[in-house]
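File shown: upload15.csv. Contents: CSV, N, CA and C atoms.
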chain,number,residue,atom,x,y,z
U,1,MET,N,-71.9,-8.2,-17.7
U,1,MET,CA,-71.3,-7.2,-16.8
U,1,MET,C,-69.9,-6.9,-17.3
U,2,SER,N,-69.5,-5.7,-17.4
U,2,SER,CA,-68.1,-5.4,-17.8
U,2,SER,C,-67.3,-5.2,-16.5
U,3,ALA,N,-66.0,-5.0,-16.7
U,3,ALA,CA,-65.1,-4.8,-15.6
U,3,ALA,C,-65.4,-3.4,-15.0
U,4,GLN,N,-65.3,-3.4,-13.7
U,4,GLN,CA,-65.5,-2.2,-12.9
U,4,GLN,C,-64.3,-1.8,-12.1
U,5,THR,N,-63.9,-0.5,-12.1
U,5,THR,CA,-62.8,0.0,-11.4
U,5,THR,C,-63.2,0.6,-10.1
U,6,ASP,N,-62.6,0.2,-9.0
U,6,ASP,CA,-63.0,0.9,-7.7
U,6,ASP,C,-62.1,2.0,-7.4
U,7,THR,N,-62.3,2.7,-6.3
U,7,THR,CA,-61.6,3.9,-5.9
U,7,THR,C,-60.1,3.6,-5.7
U,8,GLN,N,-59.7,2.4,-5.4
U,8,GLN,CA,-58.3,2.1,-5.2
U,8,GLN,C,-57.6,1.8,-6.5
U,9,GLY,N,-58.3,1.8,-7.6
U,9,GLY,CA,-57.8,1.5,-8.9
U,9,GLY,C,-57.8,0.0,-9.3
U,10,SER,N,-58.3,-0.8,-8.4
U,10,SER,CA,-58.4,-2.2,-8.8
U,10,SER,C,-59.6,-2.5,-9.7
U,11,VAL,N,-59.5,-3.5,-10.5
U,11,VAL,CA,-60.6,-3.9,-11.4
U,11,VAL,C,-61.3,-5.2,-11.0
U,12,THR,N,-62.6,-5.2,-10.9
U,12,THR,CA,-63.4,-6.4,-10.6
U,12,THR,C,-64.1,-6.8,-11.8
U,13,THR,N,-63.9,-8.1,-12.2
U,13,THR,CA,-64.6,-8.6,-13.4
U,13,THR,C,-65.2,-9.9,-13.0
U,14,VAL,N,-66.4,-10.2,-13.5
U,14,VAL,CA,-67.1,-11.4,-13.2
U,14,VAL,C,-67.2,-12.2,-14.5
U,15,TYR,N,-66.7,-13.4,-14.4
U,15,TYR,CA,-66.7,-14.3,-15.6
U,15,TYR,C,-67.7,-15.5,-15.3
U,16,LYS,N,-68.2,-16.1,-16.4
U,16,LYS,CA,-69.0,-17.3,-16.4
U,16,LYS,C,-68.2,-18.4,-16.8
U,17,VAL,N,-68.1,-19.5,-15.9
U,17,VAL,CA,-67.3,-20.7,-16.2
U,17,VAL,C,-68.2,-21.9,-16.1
U,18,THR,N,-68.2,-22.7,-17.2
U,18,THR,CA,-69.0,-23.9,-17.2
U,18,THR,C,-68.2,-25.1,-16.7
U,19,GLY,N,-68.9,-26.0,-16.1
U,19,GLY,CA,-68.3,-27.3,-15.7
U,19,GLY,C,-68.0,-27.4,-14.2
U,20,MET,N,-68.0,-26.3,-13.5
U,20,MET,CA,-67.7,-26.3,-12.0
U,20,MET,C,-68.9,-26.9,-11.3
U,21,SER,N,-68.7,-27.9,-10.4
U,21,SER,CA,-69.8,-28.5,-9.7
U,21,SER,C,-69.5,-28.7,-8.2
U,22,CYS,N,-68.3,-28.3,-7.7
U,22,CYS,CA,-68.0,-28.5,-6.3
U,22,CYS,C,-66.9,-27.6,-5.8
U,23,GLY,N,-66.6,-27.7,-4.5
U,23,GLY,CA,-65.6,-26.9,-3.9
U,23,GLY,C,-64.2,-27.2,-4.6
U,24,HIS,N,-63.9,-28.4,-4.9
U,24,HIS,CA,-62.7,-28.7,-5.6
U,24,HIS,C,-62.6,-28.0,-6.9
U,25,CYS,N,-63.7,-27.9,-7.6
U,25,CYS,CA,-63.7,-27.2,-8.9
U,25,CYS,C,-63.4,-25.7,-8.7
U,26,GLU,N,-64.0,-25.2,-7.7
U,26,GLU,CA,-63.8,-23.8,-7.3
U,26,GLU,C,-62.3,-23.5,-7.0
U,27,GLY,N,-61.7,-24.4,-6.2
U,27,GLY,CA,-60.3,-24.3,-5.9
U,27,GLY,C,-59.4,-24.4,-7.1
U,28,SER,N,-59.7,-25.3,-8.0
U,28,SER,CA,-58.8,-25.5,-9.2
U,28,SER,C,-58.8,-24.2,-10.0
U,29,VAL,N,-60.0,-23.7,-10.3
U,29,VAL,CA,-60.2,-22.5,-11.1
U,29,VAL,C,-59.5,-21.3,-10.4
U,30,SER,N,-59.7,-21.2,-9.1
U,30,SER,CA,-59.1,-20.1,-8.3
U,30,SER,C,-57.6,-20.1,-8.3
U,31,ALA,N,-57.1,-21.3,-8.1
U,31,ALA,CA,-55.6,-21.5,-8.1
U,31,ALA,C,-55.0,-21.1,-9.4
U,32,GLU,N,-55.6,-21.4,-10.6
U,32,GLU,CA,-55.0,-21.1,-11.9
U,32,GLU,C,-55.1,-19.6,-12.1
U,33,LEU,N,-56.3,-19.0,-11.8
U,33,LEU,CA,-56.5,-17.6,-12.0
U,33,LEU,C,-55.6,-16.7,-11.1
U,34,THR,N,-55.3,-17.2,-9.9
U,34,THR,CA,-54.5,-16.4,-9.0
U,34,THR,C,-53.1,-16.3,-9.5
U,35,GLN,N,-52.7,-17.2,-10.3
U,35,GLN,CA,-51.3,-17.1,-10.9
U,35,GLN,C,-51.1,-16.1,-12.0
U,36,LEU,N,-52.2,-15.5,-12.5
U,36,LEU,CA,-52.1,-14.5,-13.5
U,36,LEU,C,-51.5,-13.2,-12.9
U,37,PRO,N,-50.6,-12.6,-13.7
U,37,PRO,CA,-50.0,-11.3,-13.2
U,37,PRO,C,-51.1,-10.3,-12.9
U,38,GLY,N,-51.0,-9.6,-11.7
U,38,GLY,CA,-51.9,-8.6,-11.4
U,38,GLY,C,-53.1,-9.0,-10.6
U,39,VAL,N,-53.4,-10.3,-10.6
U,39,VAL,CA,-54.6,-10.8,-9.9
U,39,VAL,C,-54.4,-10.7,-8.4
U,40,THR,N,-55.3,-10.0,-7.7
U,40,THR,CA,-55.2,-9.9,-6.2
U,40,THR,C,-56.2,-10.8,-5.5
U,41,SER,N,-57.3,-11.2,-6.1
U,41,SER,CA,-58.2,-12.1,-5.4
U,41,SER,C,-59.1,-12.8,-6.5
U,42,VAL,N,-59.5,-14.0,-6.1
U,42,VAL,CA,-60.4,-14.7,-7.0
U,42,VAL,C,-61.5,-15.4,-6.1
U,43,ARG,N,-62.8,-15.3,-6.5
U,43,ARG,CA,-63.8,-16.0,-5.8
U,43,ARG,C,-64.7,-16.8,-6.8
U,44,ALA,N,-64.6,-18.1,-6.7
U,44,ALA,CA,-65.3,-18.9,-7.7
U,44,ALA,C,-66.5,-19.5,-6.9
U,45,VAL,N,-67.7,-19.6,-7.6
U,45,VAL,CA,-68.9,-20.1,-7.0
U,45,VAL,C,-69.5,-21.2,-7.9
U,46,ALA,N,-69.3,-22.4,-7.6
U,46,ALA,CA,-69.8,-23.5,-8.5
U,46,ALA,C,-71.3,-23.5,-8.7
U,47,ALA,N,-72.0,-23.1,-7.7
U,47,ALA,CA,-73.5,-23.1,-7.8
U,47,ALA,C,-74.0,-22.2,-8.9
U,48,THR,N,-73.3,-21.1,-9.1
U,48,THR,CA,-73.7,-20.1,-10.1
U,48,THR,C,-72.9,-20.1,-11.4
U,49,GLY,N,-71.7,-20.7,-11.2
U,49,GLY,CA,-70.8,-20.8,-12.4
U,49,GLY,C,-70.0,-19.4,-12.5
U,50,GLU,N,-70.1,-18.6,-11.5
U,50,GLU,CA,-69.5,-17.3,-11.6
U,50,GLU,C,-68.2,-17.2,-10.9
U,51,VAL,N,-67.2,-16.5,-11.5
U,51,VAL,CA,-65.9,-16.4,-10.9
U,51,VAL,C,-65.6,-14.9,-10.9
U,52,THR,N,-65.4,-14.3,-9.7
U,52,THR,CA,-65.1,-12.9,-9.6
U,52,THR,C,-63.6,-12.7,-9.4
U,53,VAL,N,-63.0,-11.9,-10.3
U,53,VAL,CA,-61.6,-11.7,-10.2
U,53,VAL,C,-61.3,-10.2,-10.0
U,54,VAL,N,-60.5,-10.0,-9.0
U,54,VAL,CA,-60.1,-8.6,-8.7
U,54,VAL,C,-58.6,-8.5,-9.1
U,55,SER,N,-58.3,-7.5,-9.9
U,55,SER,CA,-56.9,-7.4,-10.5
U,55,SER,C,-56.5,-5.9,-10.4
U,56,GLU,N,-55.2,-5.7,-10.6
U,56,GLU,CA,-54.6,-4.4,-10.6
U,56,GLU,C,-55.0,-3.6,-11.8
U,57,ALA,N,-55.3,-4.3,-12.9
U,57,ALA,CA,-55.6,-3.7,-14.2
U,57,ALA,C,-56.5,-4.7,-15.0
U,58,PRO,N,-57.1,-4.2,-16.0
U,58,PRO,CA,-58.0,-5.2,-16.8
U,58,PRO,C,-57.1,-6.4,-17.3
U,59,LEU,N,-57.7,-7.6,-17.3
U,59,LEU,CA,-57.0,-8.8,-17.7
U,59,LEU,C,-57.3,-9.1,-19.2
U,60,ASP,N,-56.3,-9.7,-19.8
U,60,ASP,CA,-56.5,-10.2,-21.2
U,60,ASP,C,-57.4,-11.4,-21.1
U,61,GLU,N,-58.5,-11.3,-21.8
U,61,GLU,CA,-59.5,-12.4,-21.7
U,61,GLU,C,-58.9,-13.7,-22.2
U,62,GLU,N,-58.0,-13.7,-23.2
U,62,GLU,CA,-57.4,-15.0,-23.6
U,62,GLU,C,-56.5,-15.6,-22.5
U,63,ALA,N,-55.9,-14.8,-21.7
U,63,ALA,CA,-55.1,-15.3,-20.6
U,63,ALA,C,-56.0,-15.9,-19.6
U,64,VAL,N,-57.2,-15.3,-19.3
U,64,VAL,CA,-58.1,-15.8,-18.4
U,64,VAL,C,-58.7,-17.1,-18.9
U,65,ARG,N,-59.0,-17.2,-20.2
U,65,ARG,CA,-59.5,-18.4,-20.9
U,65,ARG,C,-58.5,-19.5,-20.8
U,66,ALA,N,-57.2,-19.2,-21.0
U,66,ALA,CA,-56.2,-20.2,-20.9
U,66,ALA,C,-56.0,-20.8,-19.5
U,67,ALA,N,-56.1,-19.9,-18.5
U,67,ALA,CA,-56.0,-20.4,-17.1
U,67,ALA,C,-57.2,-21.2,-16.7
U,68,VAL,N,-58.4,-20.9,-17.1
U,68,VAL,CA,-59.6,-21.7,-16.8
U,68,VAL,C,-59.5,-23.0,-17.5
U,69,ASP,N,-59.0,-23.0,-18.8
U,69,ASP,CA,-58.8,-24.2,-19.5
U,69,ASP,C,-57.8,-25.1,-18.9
U,70,GLU,N,-56.8,-24.6,-18.3
U,70,GLU,CA,-55.7,-25.3,-17.7
U,70,GLU,C,-56.3,-26.0,-16.4
U,71,ALA,N,-57.3,-25.4,-15.8
U,71,ALA,CA,-57.9,-26.0,-14.6
U,71,ALA,C,-58.9,-27.1,-15.0
U,72,GLY,N,-59.2,-27.2,-16.3
U,72,GLY,CA,-60.1,-28.2,-16.8
U,72,GLY,C,-61.6,-27.8,-17.0
U,73,TYR,N,-61.8,-26.5,-17.1
U,73,TYR,CA,-63.1,-25.9,-17.3
U,73,TYR,C,-63.2,-25.0,-18.5
U,74,GLU,N,-64.3,-24.5,-18.8
U,74,GLU,CA,-64.5,-23.6,-20.0
U,74,GLU,C,-65.0,-22.2,-19.6
U,75,LEU,N,-64.3,-21.2,-20.1
U,75,LEU,CA,-64.7,-19.8,-19.9
U,75,LEU,C,-65.8,-19.6,-20.9
U,76,ALA,N,-67.0,-19.2,-20.4
U,76,ALA,CA,-68.1,-18.9,-21.3
U,76,ALA,C,-68.2,-17.4,-21.7
U,77,GLY,N,-67.4,-16.6,-20.9
U,77,GLY,CA,-67.3,-15.2,-21.2
U,77,GLY,C,-67.6,-14.4,-19.9
U,78,ARG,N,-67.8,-13.1,-20.0
U,78,ARG,CA,-68.2,-12.3,-18.9
U,78,ARG,C,-69.6,-12.5,-18.5
U,79,ALA,N,-69.8,-12.5,-17.2
U,79,ALA,CA,-71.2,-12.7,-16.6
U,79,ALA,C,-72.0,-11.4,-16.8
Mind converting the file's structure to structure tokens?
Amino acid sequence: MSAQTDTQGSVTTVYKVTGMSCGHCEGSVSAELTQLPGVTSVRAVAATGEVTVVSEAPLDEEAVRAAVDEAGYELAGRA
């Protein structure tokens, strides 16, 4: 899935993250991604390994990768 722009101009992108297994994992990934400039919301789901990020503009994938890595997990790419 690629990034999608909604009518308000925000961009929703779904990423696949490996290694998440619980609510704490979801919180760690969400906390790191929320700190990226322009991010307005993050929803991580350990059961599926998917992280949905809503931002004001498309995000640099390397910045997303670095944030996920900082949380202790691995970005597998876009879902």
- Message: Using Å and a single decimal, report how far CA of Ala47 in chain U sits from CA of Ala79 in chain U.
- Response: 13.8 Å
- Task: Excluding range 13-19 of chain U and residues on its chain fewer than 5 positions from it, collect all residues at most 10 Å away from it, counting only C-alpha atoms, and give them as a ChimeraX atom specification.
- Result: /U:1-5,25,29,42-46,48-55,58-59,61,64-65,68-69,72-79
- Based on DSSP run over this structure's backbone, return all residues of chain U in strand (DSSP E or B), as JSON, numbers by chain. {"U": [4, 5, 11, 12, 13, 14, 15, 16, 17, 18, 39, 40, 41, 42, 43, 44, 45, 50, 51, 52, 53, 54, 55, 74, 75, 76, 77, 78]}
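From atom C of Cys22 in chain U back to atom C of Ser10 in chain U, the distance works out to 26.4 Å.
We find CA of Ala63 in chain U and CA of His24 in chain U to be spaced 21.5 Å apart.
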- Please write as a PyMOL selection string the list of polymer residues whose atoms come within 6 Å of (-54.1, -8.5, -9.7), counting only C-alpha atoms and keeping to the coordinates of the file. chain U and resi 38-40+55-56
- DSSP-assigned helix (DSSP H, G or I) among chain U, expressed as a ChimeraX atom specification: /U:23-34,61-70
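If you measure from each of U:Ala71, U:Met20, U:Leu36, U:Ser28 to Ala57 in chain U using only C-alpha atoms, the closest one turns out to be U:Leu36.
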